[in-house]
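Q: Dropping a structure here in structure tokens format, bear with me for questions.
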Number of protein chains: 2
Amino acid sequence: MQNASNGTRAGTRPDDQHGSSRTGRAVSREVLADHVYAELLASLMDGRLAPGAVVSIDGTARELDVSPTPVREALARLEHTGMVRRVALKGYRVAPVFTREDFAELMEARLAIEPVNARLACERTNQHGLAELEQAVEDLKSAPRGPSFAEFKDYLEADERFHQLIARQTGNQFMEAAYSALGGQVQRFRLFGGVGITDAEYAIAEHQAVLDAVSTGDPDKAAAAMADHIRKVRSRAIADAPES
Amino acid sequence: MQNASNGTRAGTRPDDQHGSSRTGRAVSREVLADHVYAELLASLMDGRLAPGAVVSIDGTARELDVSPTPVREALARLEHTGMVRRVALKGYRVAPVFTREDFAELMEARLAIEPVNARLACERTNQHGLAELEQAVEDLKSAPRGPSFAEFKDYLEADERFHQLIARQTGNQFMEAAYSALGGQVQRFRLFGGVGITDAEYAIAEHQAVLDAVSTGDPDKAAAAMADHIRKVRSRAIADAPES
DNA sequence: GAACGTGGCATCCTATAGGATCTGAACATG
DNA sequence: CATGTTCAGATCCTATAGGATGCCACGTTC
């Protein structure tokens with residue numbers, strides 16, 4: 001995300017599960033709230049926190065062995081992403097499940113934003129950016145796609161990374177912010193109905209088409225390829241999703 | 001300010017009145033963090049907090065007469081809007097001033113999103129939504145436009161409200177979220193260079209054109225009118241802005 | 001048997017204390 | 001004079017304590 005100044009990786013994992021060293025934290029350049037944020041985000045993305053589940057501040061604090069204060073700060077940030085909702089004096093809970101209407105709205109929004117991103121990225125990307133995109137597509141191709149979540153987790157990560165990179169390479173911080181406002185939801189929708197990865201071959205080809213257009217330097221083609229990809233994702237998801 | 005009008009329906013507690021005025025808020029369905037958030041947001045919008053200024057957690061807490069904990073939570077929320085930035089172990093500061101590049105990027109993003117919003121709003125708005133839009137345009141026409149900030153504050157508020165309403169009436173929560181990701185920045189840019197309101201007549205006419213198109217139910221025309229408005233705002237701002 | 005009041009428990013919310021870190025200025029030294 | 005060091009104040013960060021609130025089960029009454 002916008003954490004640009006983190007030039008040096010911390011290297012040392014500050015603590016883990018039962019570190020229990022209250023004051024033994026190393027010289028980490030991060031604060032506990034960042035860790036809690038990352039941990040909660042991972043739990044949300046992984047589906048370990050089901051939609052609608054309550055996220056207790058004290059409980060999360062106990063589980064991560066920190067005080068409630070950093071948990072509160074992390075949840076305040078997450079609330080603004082729409083992934084958790086807060087009710088005053090009642091606490092936080094994970095946003096409810098996606099309905100078909102939510103899904104249609106999300107696809108409509110992606111269709112409005114992402115083709116523009118593809119066009120701008122095509123006009124402004126550089127050698128390094130292209131390499132990153134190619135890497136993402138390669139990871140998409142090589143990622144395992146088993147039935148359980150742990151087995152297609154990397155696939156989802158590469159998928160999300162591709163779109164995130166497109167947004168970033170627009171060189172427009174606001175387009176990137178607008179996509180990020182959707183990004184978390186895009187991830188969440190991928191668990192829509194719990195269907196696994198059934199369309200990898202098609203999706204990979206569509207990502208490749210976007211990448212080819214960007215590499216060629218054809219903005220119109222890049223935008224069209226992205227729009228085509230999103231429309232097809234929508235069609236396939238509607239075909240696959242349970243009626244519910 | 002948090003001492004405001006506490007008197008309603010707290011009288012049935014004969015005891016614990018010996019405590020000092022510290023514990024005066026009880027009936028509010030809001031929590032302190034919400035108050036702090038609103039207060040900070042107002043300060044940012046009003047320009048009382050200049051770009052680049054540090055926002056001390058302890059200092060803000062003292063100023064608002066609350067503890068640092070709610071201030072920390074409010075700032076964590078604000079950080080995600082891009083209006084303040086945080087550096088670990090150094091604190092928060094207001095986002096830096098808009099450069100010409102930032103302004104160009106913001107306008108590019110608005111051109112990508114807002115015409116789509118206008119089109120969707122045109123297709124889906126109802127009688128009540130139209131009335132709200134008309135009210136916003138009326139307020140825009142009647143708002144004072146003096147040279148000092150306090151005198152054109154209402155004008156800016158009506159302007160922002162118009163665009164916000166358009167976003168909301170798309171009926172698409174994600175388009176609204178995407179615009180909101182820009183909304184705060186849109187407000188901030190209006191203080192770009194500190195020039196006052198010099199283009200009110202033109203801007204009002206353009207808003208009226210958008211409203212007319214939406215009222216008529218012509219989506220293409222609505223989108224075109226919105227795009228035209230944003231392009232003209234960009235042109236006028238570039239003409240007016242100091243060279244920085 | 002059902003509606004209503006009541007008490008306990010979990011959780012949220014805020015305040016406060018203290019350790020950790022940064023910043024800036026005074027001071028010493030080459 | 002320039003540069004590095006030290007120290008003190010301010011600030012951030014986290015933990016803990018206690019009041020306030022909501023939820024839920026239990027018992028009472030009609």
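The chains in the structure tokens are called A, B, ... from first to last as shown; in each chain the residues are counted from 1, and the ligands are counted from 1 in the order shown.
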Can you give me the C-alpha RMSD, to one decimal in Å, for chain B fitted onto chain A with all Cα atoms paired in order?
A: 5.3 Å
Q: Quick one: everything within 12 Å of Glu39 in chain B, counting only C-alpha atoms (C1' of nucleotides), minus sequence neighbours fewer than 3 positions away in the same chain. Send it as a VMD selection string.
A: chain B and resid 1 to 2 32 to 36 42 to 46 48 to 49 60 to 61 63 to 64 70 to 71 74 to 75 78
Q: Please return, as a PyMOL selection string, all residues of chain B lying within 7 Å of chain A when only C-alpha atoms are considered.
A: chain B and resi 30-31+72-73+76-77+80+88+105-106+109+112-113+116+172+174-175+177-178+181-182
Q: Deliver the residues from the most recent selection as a file, using N, CA and C atoms, as a tab-separated table (two decimals), in the first residue's frame.
A:
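Here's the written file selection_4.tsv:
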chain	number	residue	atom	x	y	z
B	30	GLU	N	-22.84	8.64	20.07
B	30	GLU	CA	-21.53	8.63	19.43
B	30	GLU	C	-20.45	8.45	20.49
B	31	VAL	N	-19.31	8.09	20.05
B	31	VAL	CA	-18.18	7.98	20.96
B	31	VAL	C	-17.23	9.13	20.68
B	72	ARG	N	-5.96	9.01	18.68
B	72	ARG	CA	-5.21	8.03	17.88
B	72	ARG	C	-6.13	7.28	16.94
B	73	GLU	N	-7.29	6.89	17.43
B	73	GLU	CA	-8.24	6.16	16.60
B	73	GLU	C	-8.75	7.04	15.46
B	76	ALA	N	-6.10	7.37	12.84
B	76	ALA	CA	-5.94	6.14	12.06
B	76	ALA	C	-6.97	6.09	10.95
B	77	ARG	N	-8.17	6.55	11.23
B	77	ARG	CA	-9.18	6.58	10.16
B	77	ARG	C	-8.82	7.61	9.11
B	80	HIS	N	-6.30	6.77	6.27
B	80	HIS	CA	-6.71	5.98	5.11
B	80	HIS	C	-7.37	6.84	4.05
B	88	ALA	N	5.93	6.04	11.19
B	88	ALA	CA	6.03	5.30	12.43
B	88	ALA	C	7.02	5.96	13.36
B	105	GLU	N	-3.30	14.99	-11.92
B	105	GLU	CA	-3.70	13.60	-11.67
B	105	GLU	C	-5.11	13.53	-11.11
B	106	LEU	N	-5.42	14.43	-10.20
B	106	LEU	CA	-6.76	14.40	-9.62
B	106	LEU	C	-7.82	14.65	-10.70
B	109	ALA	N	-8.31	11.61	-12.76
B	109	ALA	CA	-9.11	10.59	-12.06
B	109	ALA	C	-10.57	10.99	-12.03
B	112	ALA	N	-12.21	10.23	-15.16
B	112	ALA	CA	-12.47	8.81	-15.39
B	112	ALA	C	-13.70	8.34	-14.63
B	113	ILE	N	-13.97	8.96	-13.50
B	113	ILE	CA	-15.00	8.42	-12.61
B	113	ILE	C	-16.31	9.21	-12.67
B	116	VAL	N	-18.97	8.74	-15.51
B	116	VAL	CA	-19.67	7.46	-15.32
B	116	VAL	C	-20.72	7.60	-14.24
B	172	ASN	N	-24.64	2.58	-6.68
B	172	ASN	CA	-23.53	1.63	-6.66
B	172	ASN	C	-22.58	2.02	-5.53
B	174	PHE	N	-19.84	0.95	-4.67
B	174	PHE	CA	-18.41	0.97	-4.97
B	174	PHE	C	-18.02	2.21	-5.75
B	175	MET	N	-18.90	2.65	-6.63
B	175	MET	CA	-18.64	3.93	-7.30
B	175	MET	C	-18.65	5.05	-6.28
B	177	ALA	N	-17.83	4.71	-3.16
B	177	ALA	CA	-16.59	4.59	-2.40
B	177	ALA	C	-15.41	5.13	-3.20
B	178	ALA	N	-15.41	4.85	-4.49
B	178	ALA	CA	-14.31	5.32	-5.33
B	178	ALA	C	-14.30	6.85	-5.36
B	181	ALA	N	-13.05	8.21	-2.13
B	181	ALA	CA	-11.59	8.14	-2.04
B	181	ALA	C	-10.97	9.40	-2.63
B	182	LEU	N	-11.70	10.04	-3.54
B	182	LEU	CA	-11.21	11.28	-4.13
B	182	LEU	C	-11.80	12.50	-3.41
Q: Could you give me, as a ChimeraX atom specification, the residues within 9 Å of range 231-236 of chain A, counting only C-alpha atoms (C1' of nucleotides) and dropping anything in the same chain fewer than 6 positions from it?
A: /A:103-104,107,111,199,202-203,206
Q: Could you list, as a PyMOL selection string, every residue within 10 Å of range 6-20 of chain C, counting only C-alpha atoms (C1' of nucleotides) and ignoring same-chain residues fewer than 6 positions away?
A: (chain A and resi 23+56-59+88-91) or (chain B and resi 31-33+66-70+89) or (chain D and resi 12-28)
Q: Okay, now the selection with C-alpha atoms (C1' of nucleotides), as a compact mmCIF listing (two decimals), in the first residue's frame?
A:
# COMPACT_ATOMS: atom_id res chain seq x y z
CA THR A 23 9.39 -5.53 26.34
CA SER A 56 -13.69 -8.62 19.43
CA ILE A 57 -11.13 -6.01 20.36
CA ASP A 58 -10.17 -7.62 23.62
CA GLY A 59 -10.30 -11.11 22.16
CA ALA A 88 -20.71 2.39 18.29
CA LEU A 89 -20.64 0.71 21.69
CA LYS A 90 -21.21 -2.67 20.10
CA GLY A 91 -17.95 -3.39 18.34
CA VAL B 31 -18.18 7.98 20.96
CA LEU B 32 -15.41 10.45 21.49
CA ALA B 33 -13.42 9.19 18.55
CA VAL B 66 -9.82 14.14 25.75
CA SER B 67 -7.27 11.42 26.21
CA PRO B 68 -4.88 10.46 23.40
CA THR B 69 -6.62 7.16 22.76
CA PRO B 70 -9.63 8.54 20.82
CA LEU B 89 7.45 6.67 15.65
C1' DC D 12 5.00 8.52 20.28
C1' DC D 13 3.75 3.87 21.64
C1' DT D 14 1.96 0.28 24.62
C1' DA D 15 -0.01 -1.59 28.79
C1' DT D 16 -3.19 -1.46 32.46
C1' DA D 17 -7.22 0.05 35.27
C1' DG D 18 -11.82 1.23 35.86
C1' DG D 19 -16.33 3.12 34.46
C1' DA D 20 -20.17 2.47 31.02
C1' DT D 21 -22.83 -0.19 28.09
C1' DG D 22 -24.93 -4.16 25.87
C1' DC D 23 -26.22 -9.00 25.92
C1' DC D 24 -28.11 -13.05 27.91
C1' DA D 25 -29.83 -16.14 31.12
C1' DC D 26 -32.44 -16.73 35.27
C1' DG D 27 -36.24 -16.09 38.10
C1' DT D 28 -40.75 -13.91 39.06
Q: Quick one: everything within 12 Å of DG4 in chain D, counting only C-alpha atoms (C1' of nucleotides), minus sequence neighbours fewer than 2 positions away in the same chain. Send it as a ChimeraX atom specification.
A: /C:27-30 /D:2,6
Q: Find the spatial neighbours of Ile166 in chain A, counting only C-alpha atoms (C1' of nucleotides), within a cut-off of 8 Å - ignore same-chain residues fewer than 3 positions away - and output them as a PyMOL selection string.
A: chain A and resi 117-118+121+133+162-163+169-170
Q: For a test of reading the model, state the distance in Å between CA of Tyr92 in chain B and CA of Pro51 in chain B, rounded to one decimal.
A: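 Here the two named atoms are 11.6 Å from each other.
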